[in-house]
file coords-v6.txt (compact mmCIF, C-alpha atoms)
# COMPACT_ATOMS: atom_id res chain seq x y z
CA MET D 1 -161.27 -8.62 205.81
CA GLY D 2 -161.76 -8.66 202.05
CA LYS D 3 -158.79 -6.40 201.36
CA PHE D 4 -156.59 -8.49 203.65
CA ILE D 5 -157.52 -11.67 201.75
CA TYR D 6 -156.90 -9.94 198.41
CA TRP D 7 -153.47 -8.59 199.24
CA PHE D 8 -152.41 -11.75 201.05
CA ALA D 9 -153.27 -13.69 197.89
CA TYR D 10 -151.56 -11.01 195.78
CA TYR D 11 -148.19 -11.41 197.49
CA LEU D 12 -148.39 -15.21 197.61
CA LEU D 13 -149.25 -15.43 193.92
CA ASN D 14 -146.48 -13.00 192.97
CA ILE D 15 -144.02 -15.35 194.66
CA TYR D 16 -145.63 -18.35 192.92
CA PHE D 17 -145.45 -16.77 189.45
CA LYS D 18 -141.82 -15.80 190.03
CA LEU D 19 -140.61 -19.11 191.43
CA VAL D 20 -142.70 -21.53 189.38
CA HIS D 21 -143.22 -19.65 186.11
CA ASN D 22 -140.22 -17.28 186.21
CA TRP D 23 -142.58 -14.61 184.96
CA LYS D 24 -141.58 -11.34 183.37
CA VAL D 25 -143.79 -8.24 183.61
CA LYS D 26 -143.17 -5.00 181.75
CA GLY D 27 -145.06 -1.73 181.87
CA ARG D 28 -146.14 -1.79 185.51
CA ASN D 29 -145.31 1.91 185.70
CA ASN D 30 -148.13 2.53 183.19
CA VAL D 31 -150.77 1.78 185.83
CA PRO D 32 -152.51 4.93 187.17
CA GLN D 33 -152.40 4.75 190.95
CA GLU D 34 -155.75 6.41 191.52
CA GLY D 35 -159.07 6.97 189.81
CA PRO D 36 -161.40 4.64 187.91
CA LEU D 37 -159.77 2.19 185.51
CA ILE D 38 -160.86 -0.71 183.30
CA VAL D 39 -158.19 -3.37 182.83
CA VAL D 40 -158.73 -5.45 179.68
CA SER D 41 -156.78 -8.59 178.82
CA ASN D 42 -156.73 -11.61 176.55
CA HIS D 43 -157.97 -14.84 178.12
CA VAL D 44 -156.51 -18.28 177.45
CA SER D 45 -156.15 -19.82 180.92
CA TYR D 46 -157.88 -20.02 184.29
CA LEU D 47 -154.72 -18.38 185.66
CA ASP D 48 -155.34 -15.16 183.73
CA PRO D 49 -157.37 -13.38 186.45
CA PRO D 50 -154.66 -13.84 189.13
CA ILE D 51 -151.97 -13.00 186.55
CA ALA D 52 -153.70 -9.73 185.67
CA GLY D 53 -154.29 -9.04 189.36
CA CYS D 54 -150.61 -9.51 190.21
CA ALA D 55 -149.38 -7.48 187.23
CA VAL D 56 -151.48 -4.47 188.23
CA LYS D 57 -150.71 -3.30 191.75
CA ARG D 58 -154.19 -2.06 192.58
CA GLN D 59 -157.09 -4.13 193.81
CA LEU D 60 -158.97 -5.46 190.83
CA HIS D 61 -162.67 -6.29 190.79
CA PHE D 62 -163.61 -9.14 188.48
CA MET D 63 -166.75 -10.39 186.80
CA ALA D 64 -166.92 -14.18 187.09
CA LYS D 65 -169.41 -16.67 185.71
CA GLU D 66 -172.19 -17.25 188.21
CA GLU D 67 -171.47 -21.00 188.35
CA LEU D 68 -168.35 -20.26 190.40
CA PHE D 69 -170.56 -18.95 193.20
CA GLU D 70 -172.58 -22.14 193.54
CA LYS D 71 -170.29 -23.46 196.29
CA LYS D 72 -171.11 -21.10 199.14
CA TRP D 73 -167.66 -21.09 200.77
CA PHE D 74 -165.92 -20.35 197.46
CA GLY D 75 -168.50 -17.76 196.48
CA TYR D 76 -168.06 -16.09 199.87
CA ILE D 77 -164.29 -15.77 199.34
CA LEU D 78 -164.74 -14.46 195.79
CA LYS D 79 -167.19 -11.79 196.94
CA LYS D 80 -164.93 -10.74 199.81
CA MET D 81 -162.13 -10.24 197.27
CA GLY D 82 -164.32 -7.99 195.12
CA THR D 83 -165.43 -10.53 192.52
CA PHE D 84 -169.09 -10.59 191.49
CA PRO D 85 -171.22 -12.95 189.38
CA VAL D 86 -172.35 -12.43 185.81
CA LYS D 87 -174.79 -14.45 183.75
CA ARG D 88 -173.18 -15.52 180.52
CA GLY D 89 -174.95 -15.51 177.18
CA VAL D 90 -177.60 -12.97 178.19
CA PRO D 91 -177.51 -9.24 179.00
CA ASP D 92 -176.95 -9.05 182.76
CA LYS D 93 -178.16 -5.63 183.90
CA SER D 94 -177.23 -6.35 187.52
CA ALA D 95 -173.59 -7.06 186.59
CA ILE D 96 -173.47 -3.92 184.45
CA ARG D 97 -174.82 -1.80 187.32
CA LYS D 98 -172.27 -3.36 189.69
CA SER D 99 -169.46 -2.62 187.23
CA LEU D 100 -170.47 1.02 186.86
CA LYS D 101 -170.77 1.39 190.65
CA ILE D 102 -167.21 0.06 191.11
CA LEU D 103 -165.86 2.55 188.57
CA LYS D 104 -167.87 5.45 189.96
CA LYS D 105 -166.15 4.87 193.30
CA GLY D 106 -162.76 5.27 191.60
CA ASN D 107 -161.90 1.58 191.72
CA VAL D 108 -160.51 -0.85 189.13
CA LEU D 109 -162.60 -3.25 187.08
CA CYS D 110 -160.87 -6.09 185.21
CA MET D 111 -162.61 -7.55 182.18
CA PHE D 112 -161.75 -10.19 179.61
CA PRO D 113 -163.50 -8.75 176.52
CA GLU D 114 -163.83 -12.10 174.75
CA GLY D 115 -166.01 -13.32 177.62
CA THR D 116 -164.45 -16.78 177.81
CA ARG D 117 -161.13 -18.56 177.40
CA MET D 118 -159.96 -18.75 173.79
CA GLU D 119 -158.36 -22.03 172.71
CA GLY D 120 -155.04 -21.74 170.93
CA GLY D 121 -154.37 -18.21 172.11
CA GLU D 122 -156.06 -16.52 169.14
CA LEU D 123 -157.86 -13.29 169.96
CA GLY D 124 -161.64 -13.27 169.58
CA GLU D 125 -164.16 -10.44 169.34
CA ALA D 126 -165.07 -8.17 172.23
CA LYS D 127 -168.48 -8.84 173.74
CA PRO D 128 -171.00 -5.95 173.74
CA GLY D 129 -170.98 -5.66 177.55
CA VAL D 130 -167.35 -4.55 177.62
CA THR D 131 -168.04 -1.83 175.08
CA LEU D 132 -171.16 -0.72 176.93
CA ILE D 133 -169.42 -0.41 180.30
CA ALA D 134 -166.42 1.38 178.80
CA LEU D 135 -168.65 3.92 177.04
CA MET D 136 -171.07 4.47 179.93
CA SER D 137 -168.36 4.89 182.58
CA LYS D 138 -166.01 7.00 180.42
CA SER D 139 -163.17 5.40 182.40
CA PRO D 140 -159.59 5.07 181.12
CA ILE D 141 -158.81 1.61 179.76
CA LEU D 142 -155.56 -0.26 180.47
CA PRO D 143 -154.65 -3.01 177.97
CA VAL D 144 -152.75 -6.08 179.20
CA GLY D 145 -151.27 -8.86 177.08
CA ILE D 146 -150.54 -12.27 178.60
CA LYS D 147 -148.36 -14.91 176.94
CA HIS D 148 -148.15 -18.18 178.80
CA ALA D 149 -144.98 -20.19 179.18
CA ASP D 150 -143.85 -22.53 176.42
CA GLU D 151 -140.74 -24.63 175.80
CA ASP D 152 -138.61 -21.59 175.04
CA ASN D 153 -140.12 -18.79 177.11
CA PRO D 154 -141.40 -18.06 180.62
CA LEU D 155 -144.76 -16.53 181.42
CA ARG D 156 -144.70 -12.96 180.09
CA VAL D 157 -147.02 -10.01 180.66
CA SER D 158 -147.09 -6.57 179.03
CA VAL D 159 -149.05 -3.70 180.58
CA GLY D 160 -149.77 -0.94 178.09
CA LYS D 161 -150.53 2.72 178.51
CA PRO D 162 -154.10 3.72 179.41
CA PHE D 163 -156.29 5.07 176.63
CA THR D 164 -159.74 6.64 176.47
CA LEU D 165 -162.71 6.54 174.12
CA ASP D 166 -163.28 10.31 174.17
CA GLU D 167 -164.18 10.50 170.48
CA TYR D 168 -167.10 8.11 171.06
CA HIS D 169 -168.53 9.73 174.19
CA ASP D 170 -171.66 11.84 174.44
CA LYS D 171 -173.19 10.78 171.15
CA LYS D 172 -175.52 8.06 169.94
CA LEU D 173 -173.43 5.37 168.33
CA SER D 174 -174.46 3.18 165.44
CA ARG D 175 -174.03 -0.58 165.61
CA ASP D 176 -170.96 -0.27 163.37
CA GLU D 177 -169.42 2.33 165.68
CA LYS D 178 -169.98 0.09 168.72
CA THR D 179 -168.29 -2.75 166.84
CA GLU D 180 -165.47 -0.34 166.05
CA VAL D 181 -165.00 0.38 169.77
CA GLY D 182 -164.77 -3.34 170.49
CA GLU D 183 -162.21 -3.77 167.72
CA LEU D 184 -160.19 -0.86 169.09
CA ILE D 185 -160.07 -2.49 172.55
CA MET D 186 -158.94 -5.81 171.07
CA ASP D 187 -156.34 -4.05 168.89
CA LYS D 188 -154.83 -2.46 172.02
CA ILE D 189 -154.54 -5.89 173.64
CA LYS D 190 -153.00 -7.29 170.44
CA ASN D 191 -150.42 -4.50 170.45
CA GLU D 192 -149.33 -5.59 173.93
CA LEU D 193 -149.11 -9.23 172.88
CA ASP D 194 -147.08 -8.26 169.81
CA SER D 195 -144.71 -6.20 171.95
CA ILE D 196 -143.71 -9.20 174.05
CA ASP D 197 -140.33 -10.57 172.96
call {"tool": "encode", "arguments": {"input": "coords-v6.txt", "output": "structure tokens"}}
result
Amino acid sequence: MGKFIYWFAYYLLNIYFKLVHNWKVKGRNNVPQEGPLIVVSNHVSYLDPPIAGCAVKRQLHFMAKEELFEKKWFGYILKKMGTFPVKRGVPDKSAIRKSLKILKKGNVLCMFPEGTRMEGGELGEAKPGVTLIALMSKSPILPVGIKHADEDNPLRVSVGKPFTLDEYHDKKLSRDEKTEVGELIMDKIKNELDSID
């Protein structure tokens, strides 16, 4: 049932983004079609999760703020589609375990490293949870850049090539090195944003 809802929404939203936003997506062929994957993207709009989901043709599992699950019917739909709650502002061990479980099964986790929508479209810093999950899972990371429509341009999305953090694995990292990993993830997203014409 959950997969049916997800893919039904996927095709409807693809039509919506094409007809209403005239969206352009490049790099879809960069998406690995099997194996664990962490999709990371910038976050400026409530539309970003469905945009990322439609740009990557694999079922994505999202973290979402726990407040969205307060309405039982909406929370039920979100959970059926593979979305799970996370407590913001505090380390949420349950959400981290859920994330690692998703990746261990060879599925796709989508994360917005900044943790919240950023006003004005400027990139913020990656939150520690993103770095932790990326390092613990050792999963490939797929950067996605999203530029929303303006007066001169349609909605545009760039999907980059997957990268790994091999040089950081299997060793105890200092705080500076963990910060470096977060900066690397954000730099990859910035590269995709900069590549959009």
call {"tool": "residues_around", "arguments": {"input": "coords-v6.txt", "residues": "stretch 172-183 of chain D", "least_positions_apart": "3", "cutoff": "9 Å", "atoms": "only C-alpha atoms", "output": "JSON list (two decimals) with C-alpha atoms, in the coordinates of the input"}}
result
[["chain", "number", "residue", "atom", "x", "y", "z"],
["D", 113, "PRO", "CA", -163.50, -8.75, 176.52],
["D", 125, "GLU", "CA", -164.16, -10.44, 169.34],
["D", 126, "ALA", "CA", -165.07, -8.17, 172.23],
["D", 127, "LYS", "CA", -168.48, -8.84, 173.74],
["D", 128, "PRO", "CA", -171.00, -5.95, 173.74],
["D", 130, "VAL", "CA", -167.35, -4.55, 177.62],
["D", 131, "THR", "CA", -168.04, -1.83, 175.08],
["D", 132, "LEU", "CA", -171.16, -0.72, 176.93],
["D", 135, "LEU", "CA", -168.65, 3.92, 177.04],
["D", 165, "LEU", "CA", -162.71, 6.54, 174.12],
["D", 168, "TYR", "CA", -167.10, 8.11, 171.06],
["D", 169, "HIS", "CA", -168.53, 9.73, 174.19],
["D", 186, "MET", "CA", -158.94, -5.81, 171.07],
["D", 187, "ASP", "CA", -156.34, -4.05, 168.89],
["D", 188, "LYS", "CA", -154.83, -2.46, 172.02]]
call {"tool": "closest_atom_pairs", "arguments": {"input": "coords-v6.txt", "of": "stretch 121-163 of chain D", "to": "stretch 8-23 of chain D", "cutoff": "10 Å", "atoms": "all atoms listed in the file", "output": "Markdown table"}}
result
| residue | atom | partner | partner_atom | distance |
| --- | --- | --- | --- | --- |
| D:Lys147 | CA | D:Trp23 | CA | 9.9 |
| D:His148 | CA | D:His21 | CA | 8.9 |
| D:Ala149 | CA | D:His21 | CA | 7.2 |
| D:Asn153 | CA | D:Asn22 | CA | 9.2 |
| D:Pro154 | CA | D:Trp23 | CA | 5.7 |
| D:Leu155 | CA | D:Trp23 | CA | 4.6 |
| D:Arg156 | CA | D:Trp23 | CA | 5.6 |
| D:Val157 | CA | D:Trp23 | CA | 7.7 |
call {"tool": "residues_around", "arguments": {"input": "coords-v6.txt", "residues": "D:Ala64", "least_positions_apart": "2", "cutoff": "10 Å", "atoms": "all atoms listed in the file", "output": "list of chain:residue names"}}
result
D:Pro49, D:His61, D:Phe62, D:Glu66, D:Glu67, D:Leu68, D:Phe69, D:Leu78, D:Thr83, D:Phe84, D:Pro85, D:Val86, D:Lys87, D:Arg88, D:Ala95, D:Met111, D:Phe112, D:Gly115, D:Thr116
call {"tool": "closest_residue", "arguments": {"input": "coords-v6.txt", "among": "D:Asp92, D:Val56, D:Asn191, D:Val108", "to": "D:Glu34", "atoms": "all atoms listed in the file"}}
result
D:Val108
call {"tool": "closest_residue", "arguments": {"input": "coords-v6.txt", "among": "D:Ile185, D:Lys3, D:Ser195, D:Gly35", "to": "D:Lys105", "atoms": "only C-alpha atoms"}}
result
D:Gly35
call {"tool": "atom_distance", "arguments": {"input": "coords-v6.txt", "atom1": "atom CA of D:Gly160", "atom2": "atom CA of D:Lys93"}}
result
29.4 Å
call {"tool": "atom_distance", "arguments": {"input": "coords-v6.txt", "atom1": "atom CA of D:Asn30", "atom2": "atom CA of D:Val144"}}
result
10.6 Å
call {"tool": "atom_distance", "arguments": {"input": "coords-v6.txt", "atom1": "atom CA of D:Pro143", "atom2": "atom CA of D:Ile102"}}
result
18.4 Å
call {"tool": "closest_residue", "arguments": {"input": "coords-v6.txt", "among": "D:Leu142, D:Leu123, D:Cys54, D:Ile133", "to": "D:Asp194", "atoms": "all atoms listed in the file"}}
result
D:Leu123
call {"tool": "closest_residue", "arguments": {"input": "coords-v6.txt", "among": "D:Lys65, D:Arg28, D:Lys71, D:Lys138", "to": "D:Ala52", "atoms": "all atoms listed in the file"}}
result
D:Arg28
call {"tool": "closest_residue", "arguments": {"input": "coords-v6.txt", "among": "D:Gly145, D:Met63, D:Lys26, D:Glu151", "to": "D:Ser94", "atoms": "all atoms listed in the file"}}
result
D:Met63
call {"tool": "closest_residue", "arguments": {"input": "coords-v6.txt", "among": "D:Glu192, D:Asp152, D:Glu114, D:Asp166", "to": "D:Ala134", "atoms": "all atoms listed in the file"}}
result
D:Asp166
call {"tool": "build_atoms", "arguments": {"input": "coords-v6.txt", "residues": "stretch 59-74 of chain D", "atoms": "N, CA and C atoms", "output": "PDB file, keeping the file's coordinate frame"}}
result
ATOM      1  N   GLN D  59    -156.105  -3.055 193.665  1.00  0.00           N
ATOM      2  CA  GLN D  59    -157.090  -4.130 193.810  1.00  0.00           C
ATOM      3  C   GLN D  59    -158.026  -4.143 192.628  1.00  0.00           C
ATOM      4  N   LEU D  60    -158.108  -5.288 191.980  1.00  0.00           N
ATOM      5  CA  LEU D  60    -158.970  -5.460 190.830  1.00  0.00           C
ATOM      6  C   LEU D  60    -160.292  -6.112 191.242  1.00  0.00           C
ATOM      7  N   HIS D  61    -161.359  -5.679 190.596  1.00  0.00           N
ATOM      8  CA  HIS D  61    -162.670  -6.290 190.790  1.00  0.00           C
ATOM      9  C   HIS D  61    -163.015  -7.031 189.499  1.00  0.00           C
ATOM     10  N   PHE D  62    -163.384  -8.288 189.635  1.00  0.00           N
ATOM     11  CA  PHE D  62    -163.610  -9.140 188.480  1.00  0.00           C
ATOM     12  C   PHE D  62    -165.079  -9.533 188.344  1.00  0.00           C
ATOM     13  N   MET D  63    -165.530  -9.660 187.100  1.00  0.00           N
ATOM     14  CA  MET D  63    -166.750 -10.390 186.800  1.00  0.00           C
ATOM     15  C   MET D  63    -166.362 -11.860 186.700  1.00  0.00           C
ATOM     16  N   ALA D  64    -167.180 -12.744 187.214  1.00  0.00           N
ATOM     17  CA  ALA D  64    -166.920 -14.180 187.090  1.00  0.00           C
ATOM     18  C   ALA D  64    -168.235 -14.897 186.826  1.00  0.00           C
ATOM     19  N   LYS D  65    -168.178 -15.951 186.042  1.00  0.00           N
ATOM     20  CA  LYS D  65    -169.410 -16.670 185.710  1.00  0.00           C
ATOM     21  C   LYS D  65    -170.106 -17.116 186.992  1.00  0.00           C
ATOM     22  N   GLU D  66    -171.412 -17.022 186.991  1.00  0.00           N
ATOM     23  CA  GLU D  66    -172.190 -17.250 188.210  1.00  0.00           C
ATOM     24  C   GLU D  66    -172.039 -18.675 188.752  1.00  0.00           C
ATOM     25  N   GLU D  67    -171.643 -19.619 187.896  1.00  0.00           N
ATOM     26  CA  GLU D  67    -171.470 -21.000 188.350  1.00  0.00           C
ATOM     27  C   GLU D  67    -170.397 -21.118 189.425  1.00  0.00           C
ATOM     28  N   LEU D  68    -169.419 -20.212 189.401  1.00  0.00           N
ATOM     29  CA  LEU D  68    -168.350 -20.260 190.400  1.00  0.00           C
ATOM     30  C   LEU D  68    -168.844 -19.947 191.811  1.00  0.00           C
ATOM     31  N   PHE D  69    -170.016 -19.350 191.900  1.00  0.00           N
ATOM     32  CA  PHE D  69    -170.560 -18.950 193.200  1.00  0.00           C
ATOM     33  C   PHE D  69    -171.506 -19.996 193.787  1.00  0.00           C
ATOM     34  N   GLU D  70    -171.654 -21.116 193.085  1.00  0.00           N
ATOM     35  CA  GLU D  70    -172.580 -22.140 193.540  1.00  0.00           C
ATOM     36  C   GLU D  70    -172.137 -22.789 194.856  1.00  0.00           C
ATOM     37  N   LYS D  71    -170.815 -22.977 195.014  1.00  0.00           N
ATOM     38  CA  LYS D  71    -170.290 -23.460 196.290  1.00  0.00           C
ATOM     39  C   LYS D  71    -170.187 -22.260 197.224  1.00  0.00           C
ATOM     40  N   LYS D  72    -170.970 -22.286 198.297  1.00  0.00           N
ATOM     41  CA  LYS D  72    -171.110 -21.100 199.140  1.00  0.00           C
ATOM     42  C   LYS D  72    -169.801 -20.606 199.708  1.00  0.00           C
ATOM     43  N   TRP D  73    -168.932 -21.522 200.159  1.00  0.00           N
ATOM     44  CA  TRP D  73    -167.660 -21.090 200.770  1.00  0.00           C
ATOM     45  C   TRP D  73    -166.768 -20.400 199.752  1.00  0.00           C
ATOM     46  N   PHE D  74    -166.752 -20.939 198.506  1.00  0.00           N
ATOM     47  CA  PHE D  74    -165.920 -20.350 197.460  1.00  0.00           C
ATOM     48  C   PHE D  74    -166.513 -19.020 196.998  1.00  0.00           C
TER      49      PHE D  74
END
